[in-house]
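Working notes for the structure below.
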Amino acid sequence: MPFIPQASSAAGRVDAVFLFILVLSAVFLVFITATLVWFVIRYNRKRHPRGVDIEGNGWLEFAWTAIPTLIFITMFLYGWTNYSYMREVPRDAMVIEVTGRQWAWSFRYPNGKRTSHLLLAADRPVKLELHSLDVIHGFFIAAFRIKQDVVPGKVNYTWFVPTQLGTFDIECTVICGVSHAIMNAKAVVVPVEGFEAWYFGEEDDIPARFLKPASPAPAPAPESALELLNRKSCTECHSVDGSPMVGPTLKGIYGREGAVLDRDGRERAVMIDDDYVRRAIVDPAAEITRGYPPAMPETVMTDEELRRMVDYIRSLR
Amino acid sequence: MSSYLDTGGRGGIAGWIFSTDHKRIGILYLATMTGLFFVAVVIGVLMRVEQLVLDPPLFAPQVYNAFFTVHGVIMIFMFVLPGLGAVFGNFFLPIMIGARDVSFPRLNLMSWYAFVAGTVIVFVSLFTGDGAPDTGWTFYVPFSVRTGTNVTLGLTGVFMLGFSSILTGLNFITTIHRLRAPGMTWHRMPLFAWSLYGTAWVQLLATPIVGITLLLVIAERVFGIGVFDPAKGGDPILYQHLFWTYSHPAVYIMILPAMGAITEILPTFAHRTVFGYKAIAYSSMAIAFLGSLVWGHHMFTSGMSEQANLLFSLFTFLVAVPSAIKVFNWTSTLYKGSIEVRPPMLYALTFVFLFAIGGLTGLMQGALAVNVHLHDTYFIVGHFHYVMFGGTGVAFFAALLYWFPKMFGRTYNERVANLAWAPIFVGFNLLYFGMLVLGYMGMPRRYFTHLPQYHTGHVIASVGSFILAAGLVLFFANLVVALLRGKRAESNPWGGVTLEWRIGSPPPAENFDVIPEIQGRPYRFNPEVSE
Amino acid sequence: MDRTGSETHVMPYRTLVRVWLVLLGLTGALVAAGTTLHPSLSVWAMLVITPVKAGLIFYYFMHLKYEKPLLTGLVFVTLGLLVLVIGLLFSDLFYR
Amino acid sequence: MTTAAGAHGGHVDHEGARFGMWLFLFTEILLFGGLFILYAAYRARYPNEFHEAGGHLDAVIGVANTVILLTSSLTMAASITALRTGQRRRALASLAGTIALGVLFLVNKYFEWSGEIARGFYPDSPLLAGRPQGEQIFFGLYYSMTGLHGLHVMAGIVLLAVMLALVLRHRITGGEYHKLENAGLYWHLVDVIWVFLLPLFYLAA
Ligand code: HEA
Ligand code: HEA
Ligand code: CUA
Ligand SMILES: [Cu+2]
């Protein structure tokens with residue numbers, strides 16, 4: 001199929017079934033349309049003023065019941081066998097945990113690295129375990145021909161072998177709210193050496209050099225602040241839309257007055273400003289927001305990241 | 001004898017909305033449904049405009065989400081589901097089987113009221129509360145439980161619409177069992193009636209299941225009852241099971257009466273009997289039955305067990321067999337006919353073509369491996385517009401053209417009707433074939449925007465929608481003019497032979513002076529010629 | 001058996017009372033099974049006794065015994081459909 | 001249901017009306033069928049929790065209500081027999097008895113529900129939130145199913161009250177008993193549903 005690359009081991013199989021049904025369908029469509037048109041011309045009232053009441057024909061009825069049934073069953077079997085392949089994960093597949101939430105993806109590798117795009121080694125099988133933190137999402141990489149729903153309370157999986165270097169789109173296919181359409185990410189396939197250099201290296205998120213424009217799709221946008229919060233797991237406890245979770249929502253808190261308990265349990269009023277937010281993130285145990293458990297962990301991050309977080313929380317007013 | 005259109009005692013509106021005459025109720029449905037159709041159609045075109053103007057989006061994302069939800073809910077629950085059954089079924093079923101009315105005329109009126117009530121509730125839900133529902137017409141939990149929009153009221157409206165559908169089904173089954181004219185055995189019944197019979201059973205037996213499912217979602221939102229909520233141990237996939245247990249059979253509620261109407265039109269204009277009467281009649285029943293066993297094909301990627309996927313895929317292919325049988329019999333019905341391509345016939349032939357494309361794309365989706373790729377993309381959107389608009393919608397137009405002179409006693413301009421066909425056909429295929437290609441490329445559905453690689457496809461589809469719009473405006477303008485200024489119609493303008501063509505146009509209030517005695521099979525156009 | 005529909009047939013009190021007594025007896029048996037038997041057995045007892053009770057109500061109180069075969073057939077079609085749906089659903093749930 | 005008129009002003013098709021009533025009952029069967037499907041699914045998933053949660057219900061009230069409904073079915077059927085054999089007073093008494101039993105059922109239900117609620121078992125309650133998920137589902141289903149059934153009992157009572165009035169006004173008689181018969185069909189179906197609810201919830205422990 002020329003429209004999209006066949007960039008995984010599954011792609012060829014899916015396309016083969018598709019093509020098989022497409023050709024048969026086209027044959028029958030052309031045949032039926034041609035017959036209809038031919039009859040309309042041949043038996044037009046001008047040419048054929050008297051119709052003939054043919055009531056039916058048992059053999060024909062039998063034929064056009066049996067033949068389509070056989071064809072349909074072939075289609076079914078072909079679709080089924082190739083699907084079975086897509087469900088049988090090879091033993092040596094690397095297991096990556098995918099988490100979907102409104103409205104971003106995050107990926108966790110076996111060694112604990114977290115990313116907001118999916119970096120893959122070419123020709124190495126991968127198994128994705130899909131988790132959702134809120135509603136149902138759909139994990140779809142068109143170029144790989146894989147798709148699986150991401151259902152809360154249930155871990156689904158999918159697997160594939162990426163066979164082509166490049167950057168491919170990850171899209172969410174199940175309506176999950178206002179930003180469903182922009183719940184995108186990139187799957188970046190690089191040679192094994194490059195992958196391992198990153199995997200065993202120091203860098204946390206996918207380094208920029210991998211996200212350089214590669215065929216066929218343009219490079220992904222730089223990580224947004226929300227994506228950063230997702231990657232650092234902040235959104236596991238904080239919503240950005242006002243609903244309370246383990247921790248208070250981050251929406252609309254900036255500029256308000258808040259009540260906190262300090263280390264000795266004394267209550268005190270604070271102004272939620274840059275400084276406070278910074279303290280809350282860097283040293284969460286120092287001041288605990290009233291009504292919430294002292295559950296927030298300390299998170300390692302760069303100054304740049306901290307600055308972006310504070311900016312973002314300020315912007316959520 | 002005076003026609004049903006003459007307001008006997010009660011005049012004005014009251015004579016209509018309190019009338020229990022099946023013909024008037026059919027017209028009531030026609031009027032309400034056409035109005036709703038236009039609302040939804042305008043929203044459809046607005047969605048096409050949104051896909052043209054991307055940056056900044058013309059409508060906010062939240063608005064777009066409300067658009068496709070409302071468009072889907074109106075089109076499905078208020079247009080194609082009542083569809084040909086509520087309009088032409090109500091109007092012609094009793095006439096075709098030689099009865100004076102349906103079995104329960106008052107219940108019939110009540111079901112129209114339920115329809116209107118449901119519609120009003122849905123529309124109220126759009127403008128009150130915290131905004132119009134944004135879940136899509138499928139209302140998947142847990143999103144439909146969590147979203148802040150006015151889903152509770154919307155679901156209540158849909159529940160009412162389901163109630164209306166059940167009452168109609170109940171009425172039709174009883175009518176067909178009890179009120180056939182003397183001599184009208186099952187095998188002498190017109191095939192439109194057969195298709196309504198199959199449909200009615202689906203309406204009756206499938207609708208309650210979605211009813212209870214939607215009630216549970218409402219209970220979930222209002223009382224936190226928690227039957228589907230994963231946080232409380234519920235299983236969101238069970239919701240999908242129950243939803244599709246109804247909503248797949250529902251697609252056959254949409255298509256069966258359409259197929260029935262086509263089966264009336266083809267023999268009339270081929271001027272010969274229908275080929276394979278029994279095959280067509282029984283395939284309607286087979287579709288109704290097998291159709292209840294395939295719902296899982298909407299859930300192949302949901303994480304359902306592989307065993308279930310296997311069964312559902314197999315059944316999906318089996319349910320396509322009776323549809324194929326119908327297509328082949330329709331084609332053969334033209335063989336050695338004496339064919340006249342007048343507007344109803346033109347649209348009926350178009351139906352066969354478009355439905356075949358829709359059905360064949362359905363086969364692609366039914367194949368497991370392929371479905372993984374196509375699910376929830378524009379390919380699906382293309383498929384169901386082909387079957388629902390190209391199928392049910394076009395059949396609705398064909399039936400309207402066929403029975404219009406009978407229902408209103410006026411003729412329309414046949415030239416204009418043929419002329420309108422061209423933009424409809426061209427625009428339709430640009431629009432929806434474009435969607436099929438987009439879907440194959442990986443364009444997900446329910447997106448207010450799209451990635452750059454899909455833009456060309458979207459432009460083509462949008463242009464198609466504008467052409468289609470032009471055609472439809474012409475089509476309906478023609479009928480409106482005919483209503484107001486059309487010439488008087490004869491009682492049998494096409495040379496049809498089923499019972500409705502033996503009474504006046506418009507039909508008298510009591511349908512028949514004397515209930516006719518039925519002698520032989522329907523569709524005997526050339527009794528003296530035989531082969 | 002007389003199957004001309006309920007137009008002609010009137011249920012005698014005697015039959016009604018007998019059916020009622022049997023129903024009460026079955027309810028007692030059900031409770032007994034639930035309290036005394038091993039859980040796995042009592043489930044089976046319920047699966048047998050409950051449909052029998054329902055059947056009795058359908059058959060006598062609701063007059064199904066005296067209706068035309070068409071109606072009886074349709075009742076079975078409806079219940080059969082329900083069973084089919086449950087079966088297909090469990091093809092998912094059991095293997096998940 | 002409205003009366004079946006075969007034609008405008010024609011004779012009334014009693015058999016058609018009864019047929020229509022049965023069709024309506026089919027829809028009721030499937031309405032509850034959807035809930036039974038859910039029950040089966042969740043019970044297969046949480047057998048122990050369902051067993052445990054069933055223990056929090058009051059089986060005595062459950063059984064008592066079963067006896068009440070079964071008896072009301074008897075009186076319902078008896079009232080038709082009485083009417084058709086010309087014992088009008090007996091028919092009226094029987095019908096009134098049926099209504100009374102229905103009300104009694106609801107009174108029991110009221111006490112049962114308020115008992116559960118007082119003990120903290122209600123949807124979204126803090127008590128339930130702290131218990132295993134299967135129990136939350138059990139109570140979700142319990143309230144949905146008995147609640148919907150309770151609504152049907154209420155509808156049935158109203159329907160029977162109308163029938164009672166019609167008998168009193170001689171609109172329903174030994175010859176014209178069909179409306180009463182159809183109302184009876186509805187009432188019996190409500191009973192059948194309860195027959196299933198009893199073991200599912202009250203005897204599940
Ligand atoms: C009128 C409505 C209608 C009809 C009739 C159909 C008919 C069919 N549909 Fe469709 N379908 C929908 C409306 C309809 N559908 C809707 C609304 C959705 C989307 C819902 C949503 O998610 O929002 C959907 C979605 C849908 C899916 C799920 C896709 C997904 O989300 O992943 C599938 C999958 O199997 C499917 C399959 C089929 C099949 C196999 C048929 C068959 O019945 C078709 C049979 C017909 C033919 C096969 C063509 C004619 C036959 C011939 C020309 C004979 C010769 C051919 C050969 C021998 C090859 N449909
Ligand atoms: C019968 C059913 C039916 C019909 C006829 C249509 C008709 C149309 N639909 Fe469809 N559609 C659905 C049923 C239908 N739809 C459903 C069920 C969904 C899924 C919803 C969901 O996801 O939940 C959907 C989704 C859907 C989408 C996908 C949204 C998304 O996933 O992002 C789109 C996108 O373009 C679309 C567009 C259109 C268009 C352009 C038309 C056009 O064909 C309309 C063309 C007609 C005209 C343009 C007529 C113009 C006439 C006038 C303007 C009136 C003039 C007035 C007078 C003369 C009085 N529809
Ligand atoms: Cu996430 Cu759509
Ligand atoms: Cu389907």
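Simple scheme: letters A, B, ... for chains in structure tokens order, numbers from 1 for residues in each chain, numbers from 1 for ligands in the order shown.
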**Request:** Excluding range 60-66 of chain D and residues on its chain fewer than 5 positions from it, collect all residues at most 12 Å away from it, counting only C-alpha atoms, and give them as a PyMOL selection string.
**Result:** (chain C and resi 20+23-32+34+53) or (chain D and resi 54-55+71-73+101-113+115-116+146+150+153+190-204)
Emit the selected residues as a compact mmCIF listing (two decimals), in the first residue's frame, including N, CA and C atoms.
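Saved the output as again.txt:
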# COMPACT_ATOMS: atom_id res chain seq x y z
N TRP C 20 -50.07 -22.85 43.65
CA TRP C 20 -49.55 -21.93 44.67
C TRP C 20 -48.83 -22.71 45.77
N LEU C 23 -45.57 -23.88 44.59
CA LEU C 23 -44.61 -22.77 44.55
C LEU C 23 -44.05 -22.48 45.94
N LEU C 24 -44.94 -22.47 46.93
CA LEU C 24 -44.46 -22.23 48.30
C LEU C 24 -43.50 -23.33 48.72
N GLY C 25 -43.87 -24.56 48.38
CA GLY C 25 -43.01 -25.69 48.73
C GLY C 25 -41.63 -25.53 48.10
N LEU C 26 -41.62 -25.16 46.83
CA LEU C 26 -40.33 -25.01 46.14
C LEU C 26 -39.51 -23.89 46.78
N THR C 27 -40.20 -22.82 47.17
CA THR C 27 -39.47 -21.74 47.84
C THR C 27 -38.82 -22.26 49.11
N GLY C 28 -39.59 -23.07 49.87
CA GLY C 28 -39.02 -23.65 51.07
C GLY C 28 -37.81 -24.50 50.74
N ALA C 29 -37.94 -25.31 49.70
CA ALA C 29 -36.82 -26.18 49.31
C ALA C 29 -35.60 -25.33 48.96
N LEU C 30 -35.88 -24.23 48.29
CA LEU C 30 -34.79 -23.35 47.88
C LEU C 30 -34.05 -22.81 49.09
N VAL C 31 -34.82 -22.35 50.08
CA VAL C 31 -34.21 -21.81 51.29
C VAL C 31 -33.43 -22.91 51.99
N ALA C 32 -34.03 -24.08 52.06
CA ALA C 32 -33.35 -25.20 52.72
C ALA C 32 -32.04 -25.51 52.01
N GLY C 34 -30.28 -23.56 50.24
CA GLY C 34 -29.32 -22.48 50.45
C GLY C 34 -28.65 -22.55 51.81
N LYS C 53 -39.97 -22.88 39.15
CA LYS C 53 -40.98 -21.97 39.72
C LYS C 53 -41.49 -21.01 38.65
N GLY D 54 -23.75 -10.96 50.11
CA GLY D 54 -25.11 -11.46 50.27
C GLY D 54 -25.46 -11.64 51.74
N GLY D 55 -24.47 -11.92 52.55
CA GLY D 55 -24.70 -12.11 53.97
C GLY D 55 -25.18 -10.86 54.69
N THR D 71 -48.39 -15.29 46.72
CA THR D 71 -49.79 -15.28 47.12
C THR D 71 -50.58 -14.27 46.31
N SER D 72 -49.95 -13.12 46.05
CA SER D 72 -50.67 -12.11 45.28
C SER D 72 -50.93 -12.62 43.87
N SER D 73 -50.03 -13.44 43.36
CA SER D 73 -50.28 -14.02 42.04
C SER D 73 -51.48 -14.95 42.09
N LEU D 101 -51.54 -6.87 48.92
CA LEU D 101 -50.29 -7.63 49.03
C LEU D 101 -49.15 -6.89 48.35
N GLY D 102 -49.46 -6.27 47.22
CA GLY D 102 -48.43 -5.49 46.53
C GLY D 102 -47.93 -4.37 47.42
N VAL D 103 -48.87 -3.69 48.08
CA VAL D 103 -48.48 -2.59 48.96
C VAL D 103 -47.64 -3.13 50.11
N LEU D 104 -48.06 -4.26 50.64
CA LEU D 104 -47.31 -4.87 51.74
C LEU D 104 -45.87 -5.16 51.30
N PHE D 105 -45.75 -5.66 50.09
CA PHE D 105 -44.42 -5.93 49.55
C PHE D 105 -43.56 -4.67 49.59
N LEU D 106 -44.17 -3.56 49.15
CA LEU D 106 -43.40 -2.32 49.09
C LEU D 106 -43.04 -1.83 50.49
N VAL D 107 -43.97 -2.03 51.44
CA VAL D 107 -43.67 -1.60 52.81
C VAL D 107 -42.46 -2.38 53.32
N ASN D 108 -42.47 -3.67 53.10
CA ASN D 108 -41.33 -4.49 53.49
C ASN D 108 -40.05 -3.98 52.85
N LYS D 109 -40.19 -3.71 51.56
CA LYS D 109 -39.03 -3.24 50.81
C LYS D 109 -38.49 -1.96 51.41
N TYR D 110 -39.42 -1.10 51.81
CA TYR D 110 -39.00 0.17 52.40
C TYR D 110 -38.18 -0.08 53.65
N PHE D 111 -38.69 -0.96 54.52
CA PHE D 111 -37.95 -1.21 55.76
C PHE D 111 -36.62 -1.88 55.46
N GLU D 112 -36.64 -2.76 54.47
CA GLU D 112 -35.40 -3.46 54.14
C GLU D 112 -34.34 -2.46 53.67
N TRP D 113 -34.74 -1.63 52.72
CA TRP D 113 -33.78 -0.66 52.18
C TRP D 113 -33.31 0.29 53.27
N GLY D 115 -33.09 -0.23 56.31
CA GLY D 115 -32.16 -0.97 57.17
C GLY D 115 -30.77 -1.02 56.58
N GLU D 116 -30.71 -1.37 55.32
CA GLU D 116 -29.39 -1.43 54.67
C GLU D 116 -28.70 -0.07 54.71
N THR D 146 -33.37 -4.57 42.49
CA THR D 146 -34.57 -4.53 43.32
C THR D 146 -35.26 -3.18 43.15
N GLY D 150 -38.96 -2.82 42.13
CA GLY D 150 -39.90 -2.08 42.95
C GLY D 150 -40.73 -1.10 42.13
N VAL D 153 -43.40 -2.99 40.56
CA VAL D 153 -44.51 -3.31 41.47
C VAL D 153 -45.41 -2.10 41.61
N VAL D 190 -44.07 -9.67 36.92
CA VAL D 190 -43.33 -9.00 37.99
C VAL D 190 -43.00 -10.02 39.08
N ASP D 191 -43.91 -10.91 39.31
CA ASP D 191 -43.69 -11.98 40.28
C ASP D 191 -42.54 -12.90 39.83
N VAL D 192 -42.59 -13.29 38.57
CA VAL D 192 -41.54 -14.18 38.05
C VAL D 192 -40.16 -13.55 38.25
N ILE D 193 -40.07 -12.25 37.98
CA ILE D 193 -38.77 -11.60 38.13
C ILE D 193 -38.29 -11.68 39.57
N TRP D 194 -39.24 -11.48 40.49
CA TRP D 194 -38.85 -11.58 41.88
C TRP D 194 -38.37 -12.99 42.23
N VAL D 195 -39.03 -13.97 41.65
CA VAL D 195 -38.63 -15.35 41.89
C VAL D 195 -37.15 -15.54 41.57
N PHE D 196 -36.67 -14.82 40.56
CA PHE D 196 -35.25 -14.92 40.23
C PHE D 196 -34.39 -14.08 41.18
N LEU D 197 -34.92 -12.94 41.59
CA LEU D 197 -34.11 -12.06 42.44
C LEU D 197 -33.82 -12.70 43.78
N LEU D 198 -34.76 -13.48 44.28
CA LEU D 198 -34.60 -14.06 45.61
C LEU D 198 -33.29 -14.86 45.73
N PRO D 199 -33.10 -15.90 44.92
CA PRO D 199 -31.85 -16.65 45.11
C PRO D 199 -30.61 -15.83 44.76
N LEU D 200 -30.73 -14.94 43.78
CA LEU D 200 -29.53 -14.21 43.35
C LEU D 200 -28.97 -13.35 44.46
N PHE D 201 -29.85 -12.72 45.22
CA PHE D 201 -29.34 -11.80 46.23
C PHE D 201 -29.43 -12.36 47.63
N TYR D 202 -30.62 -12.81 48.00
CA TYR D 202 -30.82 -13.11 49.42
C TYR D 202 -30.25 -14.46 49.81
N LEU D 203 -30.26 -15.40 48.87
CA LEU D 203 -29.78 -16.73 49.22
C LEU D 203 -28.35 -16.93 48.72
N ALA D 204 -27.74 -15.84 48.25
CA ALA D 204 -26.40 -15.98 47.68
C ALA D 204 -25.35 -16.24 48.75
**Prompt:** Which residues sit within 10 Å of ligand 3, counting only C-alpha atoms and all ligand atoms, listed as an NGL selection string?
**Reply:** (:A and (100-105 or 132 or 134-139 or 149-150 or 171-184)) or (:B and (444-447))
**Complete:** re CA of Ile253 in chain A and CA of Met271 in chain A: distance 9.8 Å
**Request:** Give as a ChimeraX atom specification the residues surrounding ligand 4 up to a distance of 8 Å, considering only C-alpha atoms and all ligand atoms.
**Result:** /B:244,247-249,251,294-298
The selected residues should be written to file as a short mmCIF file (atom, residue, chain, number, x, y, z; two decimals), in the first residue's frame (atoms: N, CA and C atoms).
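As written to disk, again_34.cif reads:
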data_model
loop_
_atom_site.label_atom_id
_atom_site.label_comp_id
_atom_site.auth_asym_id
_atom_site.auth_seq_id
_atom_site.Cartn_x
_atom_site.Cartn_y
_atom_site.Cartn_z
N TRP B 244 -23.48 -2.73 22.42
CA TRP B 244 -23.49 -3.23 21.05
C TRP B 244 -24.44 -4.40 20.87
N SER B 247 -26.86 -2.20 19.70
CA SER B 247 -26.57 -1.26 18.62
C SER B 247 -26.09 -1.92 17.35
N HIS B 248 -25.55 -3.13 17.44
CA HIS B 248 -25.35 -3.77 16.15
C HIS B 248 -26.67 -4.21 15.53
N PRO B 249 -27.51 -4.99 16.24
CA PRO B 249 -28.82 -5.29 15.64
C PRO B 249 -29.52 -4.02 15.14
N VAL B 251 -28.32 -1.62 13.54
CA VAL B 251 -28.01 -1.24 12.18
C VAL B 251 -28.88 -2.02 11.20
N VAL B 294 -23.48 -10.77 16.41
CA VAL B 294 -22.20 -10.31 15.88
C VAL B 294 -21.69 -9.05 16.55
N TRP B 295 -22.34 -8.63 17.64
CA TRP B 295 -22.04 -7.30 18.17
C TRP B 295 -20.56 -7.09 18.49
N GLY B 296 -19.89 -8.20 18.84
CA GLY B 296 -18.50 -8.04 19.28
C GLY B 296 -17.56 -7.49 18.23
N HIS B 297 -18.00 -7.39 16.95
CA HIS B 297 -17.06 -6.88 15.97
C HIS B 297 -16.78 -5.38 16.14
N HIS B 298 -17.49 -4.75 17.05
CA HIS B 298 -17.16 -3.36 17.36
C HIS B 298 -16.11 -3.29 18.46
#
**Item:** 6 Å contacts from chain C to chain B using only C-alpha atoms, as a PyMOL selection string
**Value:** chain C and resi 91-92+95-96
**Request:** For CA of Thr167 in chain A and CA of Ile146 in chain A, determine how far apart the two atoms are, in Å to one decimal place.
**Result:** 15.4 Å
Would you give me, as a PDB file with C-alpha atoms, in the first residue's frame, the residues of chain C that come within 10 Å of chain D, using only C-alpha atoms?
ATOM      1  CA  GLY C   5     -56.804 -19.960  23.857  1.00  0.00           C
ATOM      2  CA  SER C   6     -58.152 -18.466  27.015  1.00  0.00           C
ATOM      3  CA  GLU C   7     -61.445 -17.534  25.403  1.00  0.00           C
ATOM      4  CA  HIS C   9     -60.826 -21.988  29.288  1.00  0.00           C
ATOM      5  CA  VAL C  10     -61.339 -20.865  32.873  1.00  0.00           C
ATOM      6  CA  MET C  11     -58.735 -21.830  35.451  1.00  0.00           C
ATOM      7  CA  PRO C  12     -60.412 -23.757  38.266  1.00  0.00           C
ATOM      8  CA  TYR C  13     -59.584 -22.539  41.777  1.00  0.00           C
ATOM      9  CA  ARG C  14     -58.357 -25.995  42.629  1.00  0.00           C
ATOM     10  CA  LEU C  16     -54.574 -22.372  41.139  1.00  0.00           C
ATOM     11  CA  VAL C  17     -54.310 -23.274  44.782  1.00  0.00           C
ATOM     12  CA  ARG C  18     -52.355 -26.404  44.014  1.00  0.00           C
ATOM     13  CA  VAL C  19     -49.873 -24.486  41.916  1.00  0.00           C
ATOM     14  CA  TRP C  20     -49.554 -21.929  44.674  1.00  0.00           C
ATOM     15  CA  LEU C  21     -48.836 -24.641  47.226  1.00  0.00           C
ATOM     16  CA  LEU C  23     -44.610 -22.769  44.549  1.00  0.00           C
ATOM     17  CA  LEU C  24     -44.461 -22.228  48.298  1.00  0.00           C
ATOM     18  CA  THR C  27     -39.472 -21.738  47.840  1.00  0.00           C
ATOM     19  CA  GLY C  28     -39.025 -23.655  51.074  1.00  0.00           C
ATOM     20  CA  LEU C  30     -34.789 -23.348  47.876  1.00  0.00           C
ATOM     21  CA  VAL C  31     -34.211 -21.809  51.290  1.00  0.00           C
ATOM     22  CA  ALA C  32     -33.355 -25.195  52.724  1.00  0.00           C
ATOM     23  CA  ALA C  33     -30.893 -25.867  49.931  1.00  0.00           C
ATOM     24  CA  GLY C  34     -29.315 -22.484  50.447  1.00  0.00           C
ATOM     25  CA  THR C  35     -28.808 -22.978  54.170  1.00  0.00           C
ATOM     26  CA  PRO C  39     -22.426 -23.756  48.344  1.00  0.00           C
ATOM     27  CA  SER C  42     -26.872 -25.104  46.484  1.00  0.00           C
ATOM     28  CA  VAL C  43     -26.087 -23.089  43.375  1.00  0.00           C
ATOM     29  CA  MET C  46     -31.163 -22.807  42.708  1.00  0.00           C
ATOM     30  CA  LEU C  47     -30.433 -23.154  39.026  1.00  0.00           C
ATOM     31  CA  ILE C  49     -35.643 -24.882  41.234  1.00  0.00           C
ATOM     32  CA  THR C  50     -35.936 -21.247  40.191  1.00  0.00           C
ATOM     33  CA  PRO C  51     -36.715 -21.900  36.523  1.00  0.00           C
ATOM     34  CA  LYS C  53     -40.984 -21.968  39.719  1.00  0.00           C
ATOM     35  CA  ALA C  54     -40.951 -19.445  36.908  1.00  0.00           C
ATOM     36  CA  GLY C  55     -42.199 -22.103  34.540  1.00  0.00           C
ATOM     37  CA  LEU C  56     -45.139 -22.915  36.781  1.00  0.00           C
ATOM     38  CA  ILE C  57     -46.175 -19.287  36.926  1.00  0.00           C
ATOM     39  CA  PHE C  58     -45.896 -18.947  33.168  1.00  0.00           C
ATOM     40  CA  TYR C  60     -50.629 -21.912  34.850  1.00  0.00           C
ATOM     41  CA  PHE C  61     -51.018 -18.423  36.246  1.00  0.00           C
ATOM     42  CA  MET C  62     -50.164 -16.847  32.941  1.00  0.00           C
ATOM     43  CA  HIS C  63     -52.189 -19.413  31.072  1.00  0.00           C
ATOM     44  CA  LEU C  71     -47.086 -17.890  21.626  1.00  0.00           C
ATOM     45  CA  LEU C  74     -42.173 -17.112  20.873  1.00  0.00           C
ATOM     46  CA  VAL C  75     -41.572 -17.249  24.615  1.00  0.00           C
ATOM     47  CA  VAL C  77     -37.422 -17.750  21.172  1.00  0.00           C
ATOM     48  CA  THR C  78     -37.106 -14.809  23.543  1.00  0.00           C
ATOM     49  CA  LEU C  79     -35.543 -16.848  26.301  1.00  0.00           C
ATOM     50  CA  LEU C  81     -32.059 -15.320  22.531  1.00  0.00           C
ATOM     51  CA  LEU C  82     -31.192 -14.293  26.050  1.00  0.00           C
ATOM     52  CA  VAL C  83     -29.319 -17.554  26.560  1.00  0.00           C
ATOM     53  CA  VAL C  85     -26.409 -13.601  24.281  1.00  0.00           C
ATOM     54  CA  ILE C  86     -25.188 -14.787  27.669  1.00  0.00           C
ATOM     55  CA  GLY C  87     -23.299 -17.612  25.990  1.00  0.00           C
ATOM     56  CA  LEU C  89     -20.742 -12.866  26.355  1.00  0.00           C
ATOM     57  CA  PHE C  90     -19.133 -15.611  28.358  1.00  0.00           C
ATOM     58  CA  LEU C  93     -15.448 -13.427  30.091  1.00  0.00           C
ATOM     59  CA  PHE C  94     -14.347 -17.016  30.583  1.00  0.00           C
TER      60      PHE C  94
END
**Asked** Neighbours of ligand 1 within 6 Å, counting only C-alpha atoms and all ligand atoms, as an NGL selection string?
**Response** (:A and (24-25 or 28-29 or 68)) or (:B and (251-252 or 254-255 or 297-298 or 316-317 or 319-320 or 323-324 or 327 or 356 or 359-360 or 362-363 or 365-366 or 371 or 375-376 or 380 or 384 or 387-388))
